[in-house]
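**Student:** Got a structure for you, written out below as structure tokens; questions coming shortly.
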Amino acid sequence: MAIKFILCFNKQGIVRLVRWFELSASEAQRTQDVMVQIYRLISSRDHKHQSNFVEFSDSTKLVYKRYAGLFFVMGVGLQDEEPIYLSHIHLFVEVLDAFFGNVCELDIVFNFYKAYMVMDEMFIGGEIQEISKDMLLERLSTMDRLE
Amino acid sequence: MAGSSLKSFIKDVRNSKTLAEERSIITKESAKIRTKLRDDHLPAEKKRKNIQKLLYLYILGEKTHFGQVESINLVASDDFADKRLGYLAAMLLLDESQDLLTLLTNVLNNDLNNHSNKYVVSLALTALGFLSSSELARDVYPDVEHLLSHSKDPFLLKKALQCMAKLIAKDVSLLDTFSPELITGILNNHSLCSHGVLLGVIKVLQSILQSFTSYQEFLVEDEDEDGNGNGTHAKENKVAESNQEFFIRILEPIIPVIPHLFMVLQNLNAKNFEPDFDVQGICDPFLQVELLHTLSLFFQLGDELESSEILQYLNKFSDVLTQIATNTDANKSTGQTILYETTRTIFSLNLDQPLRILGVNILAKFLSGRDNNIKYVALNTLLKVVPQEPKAVQRHKKFISRCLRDFDIFIRKRALELTFAILDEANIVELVDELLHFLERTTEDDKSLILFTVERLVDVFDMYPITNEKWQLQVFFQIMKLVGRHIASDKISDILIIINNAKNSTSKRDVLVDMMKYSLDEKLSLEIPEENVCWQLASIWCIGEYVDILLESQDAALINQRSLTDYLCRCNTRYNEDNRLINYTLTAALKLSAKIEDTKCLEDLRQLIVRHTRDPDLMLQTKSVQYELIFRQPKAVKRAILETMPNFEKPHKHEKSSSSKPVKPRNNQPKESNLLFDLLQNDNGSKTSGEKKQPSSIPQSDLLADLFKGTPSTDRTSSRSSADARGIGLLSQSASETVQLPTQSVKIHDSDSLQVFTHLLSCGNGSSQLEMYFKALQPIEEIQSFCAVPKTQKLTMGQLHPQNSLQTDDVCKQSLKITGTGKLKLRVKVNFNKNGNPVNQQFDYKFDGSL
């Protein structure tokens with residue numbers, strides 16, 4: 001059980017955040033293609049009626065959710081439990097929202113390095129490491145002040 | 001704009017009006033960054049700015065490799081801001097395979113031991129969790145170990161624990177020096193155990209439990225290479241020894257953790273509200289799910305090692321699971337997540353039946369809800385558990401059928417697979433009706449689902465003895481009518497075989513006449529679209545084959561010599577591009593001519609054939625020339641040559657039934673026999689239905705097999721295996737009631753009561769199909785088999801066929817499909833009852849091939 005990658009892109013498919021935790025050699029050669037495929041697959045789905053899970057390759061399935069104009073996607077193993085990763089995504093978005101104060105796409109565009117900081121405090125090596133929102137926010141605001 | 005800020009750069013990119021403008025801004029900036037980074041005297045602040053811009057370029061998908069070295073330089077800086085950005089850049093720009101990682105090792109060593117600033121340590125740990133190669137793992141392991149034993153800060157501990165889990169997974173040999181007390185010590189110190197630290201501890205446990213298999217695999221492989229298979233005994237000893245050692249040194253100290261984890265899990269589950277960890281009224285579902293998963297790994301290993309130390313807790317675990325299953329709120333999605341993990345645990349450990357039924361009921365409840373996410377996972381899981389609890393799943397067929405109507409195609413697909421998985425003799429009529437309803441509603445987008453359904457239906461009718469033939473024919477009549485245009489040619493042949501083999505002549509006639517109505521009647525034929533080639537093909541074939549039956553019909557106004565002839569002529573002109581259809585038409589025309597009197601019709605049919613004697617397609621031309629020869633023969637001769645097809649046995653049924661096949665008297669003359677021989681030889685290459693009498697020199701069924709399959713004489717085994725392979729999956733089957741051991745199978749296990757053989761049907765391109773055969777040497781009952789494949793592979797198993805209880809020398813088989821990568825190997829565990837006593841046996845087998 002580990003997240004293979006976290007992706008965030010907007011409705012036009014422009015990538016806003018990307019983090020590969022685990023990459024097979026062949027995928028590493030063509031990460032751009034992989035992201036384009038993921039975008040095509042997910043943007044073509046019906047977001048009202050279809051599930052938030054989709055099989056992507058013979059080793060990876062995607063768990064994704066759209067928040068306003070942004071898609072958050074996690075790649076996980078075929079044997080992994082999908083619903084919990086949906087909760088992961090939701091928690092991540094909640095923390096981003098609290099950290100930036102009503103987060104929008106532009107916050108992430110201009111402060112991508114802070115968004116990565118949030119990601120790295122929540123996930124380590126593809127595993128969730130902290131669940132408490134308060135603890136995360138306290139830690140993040142301290143780190144934000146460190147220069 | 002020299003030295004512009006990151007913000008203005010991002011703005012410029014965003015504001016560009018055209019793609020070309022954007023490209024030029026990016027290229028310019030990228031070149032500028034490249035030059036700047038080469039400048040050693042650049043002030044730190046400027047350097048940071050350039051790296052930040054580079055990271056933005058990375059997110060945009062630009063080439064950024066030239067920044068890798070600079071990012072490591074930043075990491076090595078003493079300035080915190082530099083270091084932070086450096087680590088971020090390293091994590092984005094480097095990957096685990098690069099040599100540059102070795103440059104990082106030293107810095108990591110230093111940072112992990114930085115006692116003055118915990119944020120530096122935290123950055124280093126984050127990077128380590130992300131970027132560990134196995135060399136790096138060995139180099140920094142002592143540092144992480146030191147942190148675990150000395151740090152009292154939960155903030156660092158949770159990260160260090162996660163890193164430890166990664167390091168062990170990266171390099172199993174680290175377990176040699178690993179001391180389990182590190183973990184148990186932390187767990188017993190309540191002041192340290194925040195949820196984050198608990199998560200970390202659990203991850204280390206998972207890593208240890210999972211590494212056991214790879215550790216052993218590694219040993220076995222090692223032995224294989226120098227032992228070459230003859231030191232099996234020594235190998236077993238060695239493996240047993242290493243198991244023992246692993247057990248005493250690593251596992252034994254962590255086993256007492258199990259009741260502790262129970263307690264944590266139960267407490268979490270029972271908690272009503274804890275603001276810090278509450279997700280929709282459920283307390284920390286993340287931790288609960290991880291706990292369940294870890295416990296499940298414990299007991300899986302306990303099963304594998306038959307360790308009473310671990311398994312003594314199994315009853316208690318069942319109680320805990322029951323408690324969770326009953327107490328968790330199934331109306332919230334987080335509650336469902338926990339329930340889902342609970343059912344997964346129940347089935348992966350194959351716990352007692354009451355729990356399994358509880359699990360199935362939970363899943364079925366998910367199906368009845370409106371949340372597609374949970375429906376999707378429930379269907380997936382039900383599909384996996386059908387072999388364990390077929391009856392319990394069948395009880396929920398209403399919900400499953402409802403999912404066939406779902407909006408989401410993936411849910412429909414899963415529901416479809418599940419429908420076939422639960423189908424059996426008792427519910428076949430009901431479920432096939434559901435499937436027909438499903439086909440009725442399909443659209444163009446559902447092509448793959450349609451093909452799947454038809455294919456499986458053909459198999460299903462092959463497998464279960466059908467008493468009501470008329471119903472069966474009507475089902476296929478409906479299928480062809482509804483979705484004929486999507487059906488692949490080999491499936492059409494299968495359907496024609498089913499029509500051909502129907503024994504009850506009245507029901508056959510009724511259905512055929514119905515079918516003809518749709519083909520011939522002007523109004524009704526509008527319901528059959530022109531693209532429905534399958535329908536046309538079947539109609540043409542039936543006209544050739546069953547003129548006699550059709551002309552007996554009451555409806556002479558519609559079905560008569562004239563209308564049948566006209567239909568063939570129409571098809572001939574309408575589909576003149578489709579060689580396969582023309583092939584069928586030619587044969588049907590020839591056959592029809594042998595059975596009608598009307599001279600005008602006969603002349604039309606002759607013309608139809610003659611017209612193709614100049615066909616640009618060589619096959620059609622040859623065929624029509626030869627048919628024309630036959631056409632001119634006297635009627636009696638023709639009739640004899642163009643007899644109705646005999647009962648056709650599918651190739652994979654052949655072995656069993658060849659002896660019972662009626663041998664038809666042959667009365668044609670030698671000369672024609674030769675002529676026919678020539679014809680048939682030609683036919684091997686073309687896709688045609690063969691409705692000719694067989695010359696004695698060719699065995700009947702082989703000939704028919706070739707003709708029907710439309711393939712140039714494949715050898716019998718390969719066509720059989722491809723036919724069998726289609727039946728793979730949960731509904732695996734063969735058509736015959738008793739299974740025989742194929743000659744190519746290899747013995748992979750031998751005991752006094754049971755032998756196991758395997759036969760590899762195909763292997764390569766990431767997927768493999770194989771069959772296992774269980775042969776009883778004594779009467780045994782209730783065989784259950786469990787298989788495991790390496791982690792990189794996924795296994796789908798069929799059911800045991802034909803039954804799971806065997807008399808002496810009986811054989812049953814099971815189909816397996818493996819997808820993934822790596823060497824093909826299996827670990828098989830077989831449980832069965834012998835004289836009422838349970839026996840279980842386990843063995844490994846390694847195939848020659850790789851996926």
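Every chain in the structure tokens has a letter given in the order shown (A, B, ...), and although residue numbers restart at 1 in each chain, ligands are simply numbered from 1 in the order shown.
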Compute the set of chain B residues within 6 Å of chain A, using only C-alpha atoms, and express it as a list of chain:residue names.
**Tutor:**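 That gives the following set of residues: B:Ala81, B:Thr126, B:Gly129, B:Phe130, B:Gly196, B:Asp276, B:Phe277, B:Thr337, B:Asn372, B:Asn373, B:Asp408.
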**Student:** Export, as a short mmCIF file (atom, residue, chain, number, x, y, z; two decimals), in the first residue's frame, the selected residues with C-alpha atoms.
**Tutor:**
```cif
data_model
loop_
_atom_site.label_atom_id
_atom_site.label_comp_id
_atom_site.auth_asym_id
_atom_site.auth_seq_id
_atom_site.Cartn_x
_atom_site.Cartn_y
_atom_site.Cartn_z
CA ALA B 81 16.44 28.38 2.92
CA THR B 126 11.56 13.42 3.82
CA GLY B 129 11.74 8.43 2.24
CA PHE B 130 11.57 9.53 -1.31
CA GLY B 196 1.51 9.73 13.21
CA ASP B 276 -8.46 16.15 15.70
CA PHE B 277 -8.94 12.92 13.81
CA THR B 337 -14.04 2.42 3.70
CA ASN B 372 -20.70 4.59 -7.43
CA ASN B 373 -17.31 4.47 -5.78
CA ASP B 408 -20.97 3.84 -15.39
#
```
**Student:** Applying 7 Å and only C-alpha atoms, which residues near region 5-17 of chain B remain after dropping the ones on its own chain fewer than 2 positions away? List them as a list in words.
**Tutor:**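 Skipping anything fewer than 2 positions along the chain leaves Phe110 of chain A; Gly3, Leu19, Glu21, Glu22, Ile25, Lys49, Gln52 and Lys53 of chain B.
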**Student:** Just the selected residues (C-alpha atoms), exported as a tab-separated table (two decimals), in the first residue's frame, please.
**Tutor:**
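Writing the result to out_18.tsv gives the following:
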```tsv
chain	number	residue	atom	x	y	z
A	110	PHE	CA	2.42	31.00	-7.74
B	3	GLY	CA	16.67	39.05	-13.16
B	19	LEU	CA	1.40	28.81	-27.91
B	21	GLU	CA	4.72	33.10	-27.64
B	22	GLU	CA	4.62	30.86	-24.59
B	25	ILE	CA	9.30	32.80	-23.30
B	49	LYS	CA	15.45	32.28	-7.70
B	52	GLN	CA	12.69	28.08	-8.31
B	53	LYS	CA	12.07	29.03	-11.91
```
**Student:** Residues at most 6 Å from region 746-762 of chain B, counting only C-alpha atoms, excluding those fewer than 5 positions away in the same chain, as a PyMOL selection string?
**Tutor:** chain B and resi 768-778
**Student:** Please produce an output containing N, CA and C atoms for each residue in the selection, written as a tab-separated table (two decimals), in the first residue's frame.
**Tutor:**
```tsv
chain	number	residue	atom	x	y	z
B	768	SER	N	-0.13	-14.78	-18.94
B	768	SER	CA	0.07	-16.20	-19.14
B	768	SER	C	-1.18	-16.94	-18.72
B	769	GLN	N	-1.49	-18.00	-19.45
B	769	GLN	CA	-2.63	-18.80	-19.06
B	769	GLN	C	-2.16	-20.23	-18.83
B	770	LEU	N	-2.65	-20.79	-17.77
B	770	LEU	CA	-2.25	-22.16	-17.54
B	770	LEU	C	-3.36	-22.91	-16.82
B	771	GLU	N	-3.19	-24.22	-16.78
B	771	GLU	CA	-4.18	-25.03	-16.11
B	771	GLU	C	-3.48	-25.91	-15.09
B	772	MET	N	-4.17	-26.13	-13.97
B	772	MET	CA	-3.64	-27.07	-13.01
B	772	MET	C	-4.59	-28.26	-12.96
B	773	TYR	N	-4.04	-29.44	-12.88
B	773	TYR	CA	-4.86	-30.64	-12.82
B	773	TYR	C	-4.59	-31.34	-11.50
B	774	PHE	N	-5.64	-31.66	-10.79
B	774	PHE	CA	-5.49	-32.35	-9.52
B	774	PHE	C	-5.94	-33.79	-9.73
B	775	LYS	N	-5.04	-34.71	-9.48
B	775	LYS	CA	-5.40	-36.11	-9.68
B	775	LYS	C	-5.39	-36.82	-8.34
B	776	ALA	N	-6.49	-37.46	-8.03
B	776	ALA	CA	-6.61	-38.11	-6.73
B	776	ALA	C	-6.04	-39.51	-6.79
B	777	LEU	N	-5.26	-39.88	-5.81
B	777	LEU	CA	-4.77	-41.25	-5.73
B	777	LEU	C	-5.60	-42.05	-4.72
B	778	GLN	N	-6.35	-41.32	-3.91
B	778	GLN	CA	-7.32	-41.91	-2.99
B	778	GLN	C	-8.55	-41.03	-3.08
```
**Student:** Quick one: residues within 12 Å of Gln633 (chain B), only C-alpha atoms counted, chain neighbours fewer than 4 positions away excluded, as a PyMOL selection string?
**Tutor:** chain B and resi 590+593-594+626-629+637-642+668+672
**Student:** Could the residues in this selection be written to a file with N, CA and C atoms, as an mmCIF file, in the first residue's frame?
**Tutor:**
```
data_model
loop_
_atom_site.group_PDB
_atom_site.id
_atom_site.type_symbol
_atom_site.label_atom_id
_atom_site.label_comp_id
_atom_site.auth_asym_id
_atom_site.auth_seq_id
_atom_site.Cartn_x
_atom_site.Cartn_y
_atom_site.Cartn_z
ATOM 1 N N LEU B 590 -25.655 -23.138 -53.851
ATOM 2 C CA LEU B 590 -25.443 -24.489 -54.369
ATOM 3 C C LEU B 590 -26.339 -25.492 -53.636
ATOM 4 N N SER B 593 -29.961 -25.181 -54.505
ATOM 5 C CA SER B 593 -30.286 -25.677 -55.857
ATOM 6 C C SER B 593 -30.550 -27.168 -55.853
ATOM 7 N N ALA B 594 -29.990 -27.872 -54.889
ATOM 8 C CA ALA B 594 -30.195 -29.317 -54.866
ATOM 9 C C ALA B 594 -31.576 -29.686 -54.356
ATOM 10 N N GLN B 626 -15.640 -24.413 -59.258
ATOM 11 C CA GLN B 626 -15.864 -25.780 -58.796
ATOM 12 C C GLN B 626 -17.331 -26.035 -58.477
ATOM 13 N N TYR B 627 -17.970 -25.040 -57.876
ATOM 14 C CA TYR B 627 -19.393 -25.177 -57.566
ATOM 15 C C TYR B 627 -20.214 -25.324 -58.835
ATOM 16 N N GLU B 628 -19.778 -24.625 -59.841
ATOM 17 C CA GLU B 628 -20.519 -24.700 -61.095
ATOM 18 C C GLU B 628 -20.484 -26.125 -61.649
ATOM 19 N N LEU B 629 -19.342 -26.770 -61.486
ATOM 20 C CA LEU B 629 -19.219 -28.168 -61.900
ATOM 21 C C LEU B 629 -20.234 -29.037 -61.168
ATOM 22 N N VAL B 637 -27.095 -37.039 -57.514
ATOM 23 C CA VAL B 637 -25.684 -36.919 -57.136
ATOM 24 C C VAL B 637 -25.504 -35.687 -56.265
ATOM 25 N N LYS B 638 -26.109 -34.602 -56.731
ATOM 26 C CA LYS B 638 -25.983 -33.349 -55.992
ATOM 27 C C LYS B 638 -26.483 -33.493 -54.555
ATOM 28 N N ARG B 639 -27.658 -34.081 -54.470
ATOM 29 C CA ARG B 639 -28.252 -34.217 -53.126
ATOM 30 C C ARG B 639 -27.316 -34.989 -52.208
ATOM 31 N N ALA B 640 -26.722 -36.021 -52.819
ATOM 32 C CA ALA B 640 -25.839 -36.854 -51.997
ATOM 33 C C ALA B 640 -24.607 -36.056 -51.539
ATOM 34 N N ILE B 641 -24.089 -35.271 -52.473
ATOM 35 C CA ILE B 641 -22.896 -34.496 -52.083
ATOM 36 C C ILE B 641 -23.249 -33.443 -51.045
ATOM 37 N N LEU B 642 -24.416 -32.850 -51.259
ATOM 38 C CA LEU B 642 -24.750 -31.679 -50.455
ATOM 39 C C LEU B 642 -25.679 -32.025 -49.295
ATOM 40 N N ASN B 668 -21.115 -41.643 -52.866
ATOM 41 C CA ASN B 668 -20.718 -40.949 -54.097
ATOM 42 C C ASN B 668 -19.565 -41.665 -54.778
ATOM 43 N N GLU B 672 -15.850 -38.134 -58.019
ATOM 44 C CA GLU B 672 -16.278 -36.920 -57.334
ATOM 45 C C GLU B 672 -15.563 -36.750 -55.997
#
```
**Student:** DSSP on the backbone, alpha helix (DSSP H) only: what residues of region 34-95 of chain B does that give? Format it as a PyMOL selection string.
**Tutor:** chain B and resi 34-38+44-59+68-76+80-93
**Student:** As a ChimeraX atom specification, list the residues of region 38-147 of chain A assigned to strand (DSSP E or B) by DSSP on the backbone atoms of this structure.
**Tutor:** /A:53-55,60-67,70-77,123-124,127-128
**Student:** Extract, using only C-alpha atoms, all DNA, RNA and protein residues at most 8 Å from region 64-70 of chain A, discarding same-chain residues fewer than 3 positions from it, and format them as a PyMOL selection string.
**Tutor:** chain A and resi 8-11+52-53+73-74+86+89+105
**Student:** As a tab-separated table (two decimals) with C-alpha atoms, in the first residue's frame, please: the residues near Leu383 (chain B) (cut-off 9 Å, only C-alpha atoms, same-chain neighbours under 2 positions excluded).
**Tutor:**
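Full text of around.tsv as output:
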```
chain	number	residue	atom	x	y	z
B	378	ALA	CA	-17.91	-3.92	-3.91
B	379	LEU	CA	-18.38	-5.50	-7.32
B	380	ASN	CA	-14.65	-6.00	-7.67
B	381	THR	CA	-14.46	-7.71	-4.33
B	385	VAL	CA	-15.00	-13.97	-3.40
B	386	VAL	CA	-17.48	-15.89	-5.54
B	387	PRO	CA	-15.31	-19.03	-5.40
B	414	ARG	CA	-17.96	-5.66	-13.40
B	415	ALA	CA	-21.62	-6.50	-12.88
B	417	GLU	CA	-18.49	-10.46	-15.03
B	418	LEU	CA	-20.11	-11.08	-11.70
B	421	ALA	CA	-19.50	-15.82	-12.14
B	422	ILE	CA	-22.63	-16.64	-10.17
B	730	LEU	CA	-14.11	-17.26	-12.63
```
**Student:** Please provide the set of residues having any atom within 9 Å of Tyr39 (chain A), restricted to only C-alpha atoms, with same-chain residues fewer than 2 positions apart removed, written as an MDAnalysis selection string.
**Tutor:** chainID A and resid 9 11:13 34:37 41:44 71
**Student:** Report the distance between CA of Cys601 (chain B) and CA of Arg562 (chain B) in Å, rounded to one decimal place.
**Tutor:**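 Atom-to-atom, CA of Cys601 (chain B) to CA of Arg562 (chain B), that is 6.2 Å.
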**Student:** Would you mind telling me which residue in A:Ile38, A:Lys114, A:Asp33, A:Lys4 lies nearest to Arg145 (chain A) when using only C-alpha atoms?
**Tutor:** A:Lys114
